[in-house]
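The file model_6.cif contains mmCIF, C-alpha atoms, pLDDT in the B column; chains and numbers go by the auth columns:
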data_protein
loop_
_atom_site.group_PDB
_atom_site.id
_atom_site.type_symbol
_atom_site.label_atom_id
_atom_site.label_comp_id
_atom_site.label_asym_id
_atom_site.label_seq_id
_atom_site.Cartn_x
_atom_site.Cartn_y
_atom_site.Cartn_z
_atom_site.B_iso_or_equiv
_atom_site.auth_seq_id
_atom_site.auth_asym_id
ATOM 1 C CA MET A 1 -11.158 38.229 -13.998 46.00 1 N
ATOM 2 C CA ALA A 2 -9.022 38.404 -17.141 49.00 2 N
ATOM 3 C CA LEU A 3 -6.549 40.617 -15.252 50.00 3 N
ATOM 4 C CA LYS A 4 -6.258 38.006 -12.470 52.00 4 N
ATOM 5 C CA LEU A 5 -5.642 35.272 -14.991 48.00 5 N
ATOM 6 C CA GLN A 6 -3.043 37.363 -16.753 52.00 6 N
ATOM 7 C CA GLN A 7 -1.210 37.969 -13.438 52.00 7 N
ATOM 8 C CA LYS A 8 -1.221 34.253 -12.673 50.00 8 N
ATOM 9 C CA LYS A 9 0.020 33.513 -16.173 49.00 9 N
ATOM 10 C CA THR A 10 3.047 35.751 -15.803 49.00 10 N
ATOM 11 C CA LYS A 11 3.812 34.247 -12.393 51.00 11 N
ATOM 12 C CA HIS A 12 4.630 30.801 -13.840 49.00 12 N
ATOM 13 C CA GLN A 13 6.976 29.997 -16.672 55.00 13 N
ATOM 14 C CA ASP A 14 6.093 26.500 -17.694 58.00 14 N
ATOM 15 C CA PRO A 15 6.111 24.369 -20.855 57.00 15 N
ATOM 16 C CA LEU A 16 2.333 24.490 -20.608 58.00 16 N
ATOM 17 C CA ASP A 17 2.579 28.189 -21.515 58.00 17 N
ATOM 18 C CA GLN A 18 3.458 27.169 -25.028 59.00 18 N
ATOM 19 C CA VAL A 19 0.243 25.180 -25.466 57.00 19 N
ATOM 20 C CA THR A 20 -2.280 26.892 -27.689 59.00 20 N
ATOM 21 C CA ILE A 21 -5.930 26.079 -27.376 56.00 21 N
ATOM 22 C CA ALA A 22 -7.910 26.102 -30.590 56.00 22 N
ATOM 23 C CA THR A 23 -11.630 26.739 -30.305 53.00 23 N
ATOM 24 C CA ASP A 24 -14.459 26.286 -32.757 54.00 24 N
ATOM 25 C CA ASN A 25 -15.705 29.803 -32.085 51.00 25 N
ATOM 26 C CA ASP A 26 -13.003 32.049 -33.541 49.00 26 N
ATOM 27 C CA SER A 27 -15.422 34.724 -34.709 50.00 27 N
ATOM 28 C CA GLU A 28 -14.752 38.414 -34.569 51.00 28 N
ATOM 29 C CA SER A 29 -18.074 39.065 -32.840 49.00 29 N
ATOM 30 C CA GLY A 30 -16.444 40.076 -29.575 49.00 30 N
ATOM 31 C CA ASP A 31 -17.783 37.067 -27.678 58.00 31 N
ATOM 32 C CA ASN A 32 -14.659 35.762 -25.969 74.00 32 N
ATOM 33 C CA ARG A 33 -16.397 33.668 -23.309 81.00 33 N
ATOM 34 C CA ASP A 34 -15.172 30.364 -24.725 84.00 34 N
ATOM 35 C CA GLU A 35 -11.632 31.646 -25.082 86.00 35 N
ATOM 36 C CA ASP A 36 -11.738 33.047 -21.546 88.00 36 N
ATOM 37 C CA PHE A 37 -12.998 29.736 -20.237 90.00 37 N
ATOM 38 C CA TRP A 38 -10.250 27.762 -21.972 90.00 38 N
ATOM 39 C CA ALA A 39 -7.603 30.220 -20.840 90.00 39 N
ATOM 40 C CA TRP A 40 -8.915 30.023 -17.293 91.00 40 N
ATOM 41 C CA LEU A 41 -8.988 26.216 -17.440 92.00 41 N
ATOM 42 C CA HIS A 42 -5.438 26.197 -18.799 92.00 42 N
ATOM 43 C CA ASP A 43 -4.259 28.414 -15.945 93.00 43 N
ATOM 44 C CA VAL A 44 -6.000 26.277 -13.341 93.00 44 N
ATOM 45 C CA VAL A 45 -4.472 23.094 -14.727 94.00 45 N
ATOM 46 C CA LYS A 46 -1.036 24.708 -14.862 94.00 46 N
ATOM 47 C CA GLU A 47 -1.359 25.981 -11.295 94.00 47 N
ATOM 48 C CA HIS A 48 -2.401 22.552 -10.041 95.00 48 N
ATOM 49 C CA HIS A 49 0.483 21.022 -11.948 95.00 49 N
ATOM 50 C CA ASP A 50 2.922 23.432 -10.294 94.00 50 N
ATOM 51 C CA LEU A 51 1.477 22.712 -6.854 95.00 51 N
ATOM 52 C CA PHE A 52 1.675 18.987 -7.487 95.00 52 N
ATOM 53 C CA ILE A 53 5.330 19.203 -8.559 95.00 53 N
ATOM 54 C CA GLU A 54 6.113 21.301 -5.484 94.00 54 N
ATOM 55 C CA GLN A 55 4.471 18.738 -3.193 95.00 55 N
ATOM 56 C CA VAL A 56 6.287 15.853 -4.884 94.00 56 N
ATOM 57 C CA THR A 57 9.600 17.664 -4.466 93.00 57 N
ATOM 58 C CA LYS A 58 8.933 18.299 -0.777 94.00 58 N
ATOM 59 C CA MET A 59 7.907 14.674 -0.268 94.00 59 N
ATOM 60 C CA ASP A 60 11.024 13.462 -2.059 93.00 60 N
ATOM 61 C CA GLU A 61 13.273 15.612 0.142 93.00 61 N
ATOM 62 C CA SER A 62 11.449 14.422 3.259 93.00 62 N
ATOM 63 C CA VAL A 63 11.821 10.765 2.285 94.00 63 N
ATOM 64 C CA ASP A 64 15.526 11.241 1.519 93.00 64 N
ATOM 65 C CA LEU A 65 16.056 12.810 4.938 94.00 65 N
ATOM 66 C CA GLN A 66 14.192 10.015 6.726 95.00 66 N
ATOM 67 C CA VAL A 67 16.134 7.344 4.852 94.00 67 N
ATOM 68 C CA ALA A 68 19.426 8.998 5.811 94.00 68 N
ATOM 69 C CA GLU A 69 18.363 9.164 9.476 95.00 69 N
ATOM 70 C CA LEU A 70 17.288 5.507 9.487 94.00 70 N
ATOM 71 C CA LYS A 71 20.532 4.439 7.844 94.00 71 N
ATOM 72 C CA SER A 72 22.547 6.317 10.462 93.00 72 N
ATOM 73 C CA GLU A 73 20.522 4.775 13.291 93.00 73 N
ATOM 74 C CA MET A 74 20.942 1.286 11.825 93.00 74 N
ATOM 75 C CA GLU A 75 24.710 1.771 11.641 92.00 75 N
ATOM 76 C CA LYS A 76 24.783 2.755 15.323 91.00 76 N
ATOM 77 C CA ILE A 77 22.691 -0.278 16.280 89.00 77 N
ATOM 78 C CA PHE A 78 24.968 -2.538 14.247 89.00 78 N
ATOM 79 C CA ILE A 79 28.063 -1.239 16.039 88.00 79 N
ATOM 80 C CA VAL A 80 26.498 -1.752 19.490 86.00 80 N
ATOM 81 C CA PHE A 81 25.224 -5.207 18.536 85.00 81 N
ATOM 82 C CA HIS A 82 28.609 -6.192 17.133 84.00 82 N
ATOM 83 C CA SER A 83 30.406 -5.183 20.343 82.00 83 N
ATOM 84 C CA LYS A 84 27.940 -7.197 22.453 82.00 84 N
ATOM 85 C CA VAL A 85 28.442 -10.257 20.232 83.00 85 N
ATOM 86 C CA ASP A 86 32.199 -9.896 20.699 82.00 86 N
ATOM 87 C CA VAL A 87 31.747 -9.989 24.489 82.00 87 N
ATOM 88 C CA VAL A 88 29.593 -13.123 24.272 81.00 88 N
ATOM 89 C CA VAL A 89 32.129 -14.806 21.984 83.00 89 N
ATOM 90 C CA ASP A 90 34.941 -13.975 24.432 83.00 90 N
ATOM 91 C CA ALA A 91 32.907 -15.351 27.337 83.00 91 N
ATOM 92 C CA ILE A 92 32.162 -18.598 25.476 83.00 92 N
ATOM 93 C CA ALA A 93 35.830 -18.984 24.546 83.00 93 N
ATOM 94 C CA LYS A 94 36.829 -18.569 28.208 83.00 94 N
ATOM 95 C CA LEU A 95 34.204 -21.112 29.285 82.00 95 N
ATOM 96 C CA VAL A 96 35.438 -23.645 26.749 82.00 96 N
ATOM 97 C CA GLU A 97 39.033 -23.030 27.802 82.00 97 N
ATOM 98 C CA PHE A 98 38.161 -23.419 31.485 79.00 98 N
ATOM 99 C CA ASN A 99 36.077 -26.542 30.850 76.00 99 N
ATOM 100 C CA THR A 100 38.890 -28.132 28.851 74.00 100 N
ATOM 101 C CA ALA A 101 41.464 -27.333 31.534 70.00 101 N
ATOM 102 C CA TYR A 102 39.166 -28.576 34.307 67.00 102 N
ATOM 103 C CA SER A 103 38.129 -31.811 32.583 65.00 103 N
ATOM 104 C CA THR A 104 41.733 -32.875 31.922 63.00 104 N
ATOM 105 C CA LYS A 105 42.752 -32.381 35.557 59.00 105 N
ATOM 106 C CA VAL A 106 39.938 -34.055 37.445 54.00 106 N
ATOM 107 C CA GLU A 107 41.275 -35.616 40.579 51.00 107 N
ATOM 108 C CA GLU A 108 39.695 -37.137 43.663 51.00 108 N
ATOM 109 C CA LYS A 109 41.473 -34.943 46.196 56.00 109 N
ATOM 110 C CA PRO A 110 39.379 -32.379 48.093 61.00 110 N
ATOM 111 C CA GLU A 111 42.138 -29.746 48.068 63.00 111 N
ATOM 112 C CA GLN A 112 42.267 -29.907 44.288 64.00 112 N
ATOM 113 C CA ASP A 113 38.495 -29.356 44.198 67.00 113 N
ATOM 114 C CA SER A 114 38.794 -26.265 46.368 72.00 114 N
ATOM 115 C CA LYS A 115 41.457 -24.856 44.018 74.00 115 N
ATOM 116 C CA VAL A 116 39.241 -25.563 41.032 73.00 116 N
ATOM 117 C CA SER A 117 36.245 -23.887 42.661 75.00 117 N
ATOM 118 C CA THR A 118 38.427 -20.863 43.485 80.00 118 N
ATOM 119 C CA LYS A 119 39.564 -20.698 39.868 79.00 119 N
ATOM 120 C CA LEU A 120 35.956 -20.995 38.729 78.00 120 N
ATOM 121 C CA VAL A 121 34.934 -18.073 40.939 79.00 121 N
ATOM 122 C CA GLU A 122 37.830 -16.001 39.592 81.00 122 N
ATOM 123 C CA PHE A 123 36.912 -16.929 36.034 80.00 123 N
ATOM 124 C CA LEU A 124 33.252 -15.971 36.498 79.00 124 N
ATOM 125 C CA SER A 125 34.315 -12.694 38.103 80.00 125 N
ATOM 126 C CA SER A 126 36.514 -11.894 35.090 80.00 126 N
ATOM 127 C CA ILE A 127 33.608 -12.601 32.722 79.00 127 N
ATOM 128 C CA LYS A 128 31.322 -10.367 34.788 76.00 128 N
ATOM 129 C CA GLU A 129 33.942 -7.616 34.744 78.00 129 N
ATOM 130 C CA THR A 130 34.391 -7.912 30.961 76.00 130 N
ATOM 131 C CA ILE A 131 30.632 -7.644 30.387 75.00 131 N
ATOM 132 C CA SER A 132 30.350 -4.707 32.781 73.00 132 N
ATOM 133 C CA LYS A 133 33.142 -2.836 30.998 71.00 133 N
ATOM 134 C CA ASP A 134 31.440 -3.365 27.647 64.00 134 N
ATOM 135 C CA ASP A 135 28.074 -2.186 28.981 59.00 135 N
ATOM 136 C CA LEU A 136 29.675 0.989 30.324 54.00 136 N
ATOM 137 C CA SER A 137 31.576 1.676 27.125 56.00 137 N
ATOM 138 C CA THR A 138 28.468 1.390 24.916 54.00 138 N
ATOM 139 C CA HIS A 139 26.327 3.768 26.941 51.00 139 N
#
Starting from the file, give its structure as structure tokens.
Amino acid sequence: MALKLQQKKTKHQDPLDQVTIATDNDSESGDNRDEDFWAWLHDVVKEHHDLFIEQVTKMDESVDLQVAELKSEMEKIFIVFHSKVDVVVDAIAKLVEFNTAYSTKVEEKPEQDSKVSTKLVEFLSSIKETISKDDLSTH
């Protein structure tokens, strides 16, 4: 058992290696059970410490990777969202422009109404085309 402990001790170089354990039983009688126990306990604690540090390091790397992936995904979503907002803003601006032009030129003549309805159909078609182009460019 002492050989196993010695092999484990040489495997790790740690500040805990410098810790010395003082025991009450420092006699020369050859009974080293207490010293063996404390040495074994020291090695076990050190090994668990090393494993804990290793796990924390792995967890830290994993979290950093996940944060980077989420940040990248959020940037992509922001770009897509921003382009869609731009399309909606353009469509609203065209609607306001058309409404202003139509409301200032209201006349009672039927031929004028047919021209206005034709312009409205053309305007709605241009909005539909603009939205379609944006949908195709984002996918």
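Closest approach to N:Ser126 from the set N:Gln66, N:Ala101, N:Val87, N:Ser72 is made by N:Val87, with distances taken over all atoms listed in the file.
Atom to atom, atom CA of N:Ala93 and atom CA of N:Ile127 stand 10.6 Å apart.
Considering all atoms listed in the file, the residue among N:Val67, N:Met74, N:Lys94, N:Glu54 positioned nearest to N:Glu122 is N:Lys94.
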* To do: With a distance cut-off of 12 Å and only C-alpha atoms, select the neighbouring residues of N:Val89, excluding the residue or stretch itself and same-chain residues fewer than 5 positions from it, and output the selection as JSON, numbers by chain.
  => {"N": [82, 83, 84, 94, 95, 96, 127, 130, 131]}
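In this comparison, which uses all atoms listed in the file, the residue of N:Ala91, N:Leu51, N:Ala39, N:Val116 approaching N:Glu129 most closely is N:Ala91.
The space separating atom CA of N:Ser62 from atom CA of N:Ile79 comes to 26.2 Å.
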* Atomic distance atom CA of N:Glu97 - atom CA of N:Leu120, expressed in Å with one decimal -> 11.5 Å
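Closest to N:Ile92 among N:Leu124, N:Thr57, N:Phe52, N:Asn32 is N:Leu124, based on all atoms listed in the file.
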Let me have the centre and edge lengths in Å, one decimal, of the box along x, y and z around every listed atom of stretch 116-130 of chain N with 4 Å of margin on each side, as JSON.
{"center_x": 35.4, "center_y": -16.6, "center_z": 37.2, "size_x": 16.2, "size_y": 25.9, "size_z": 20.5}
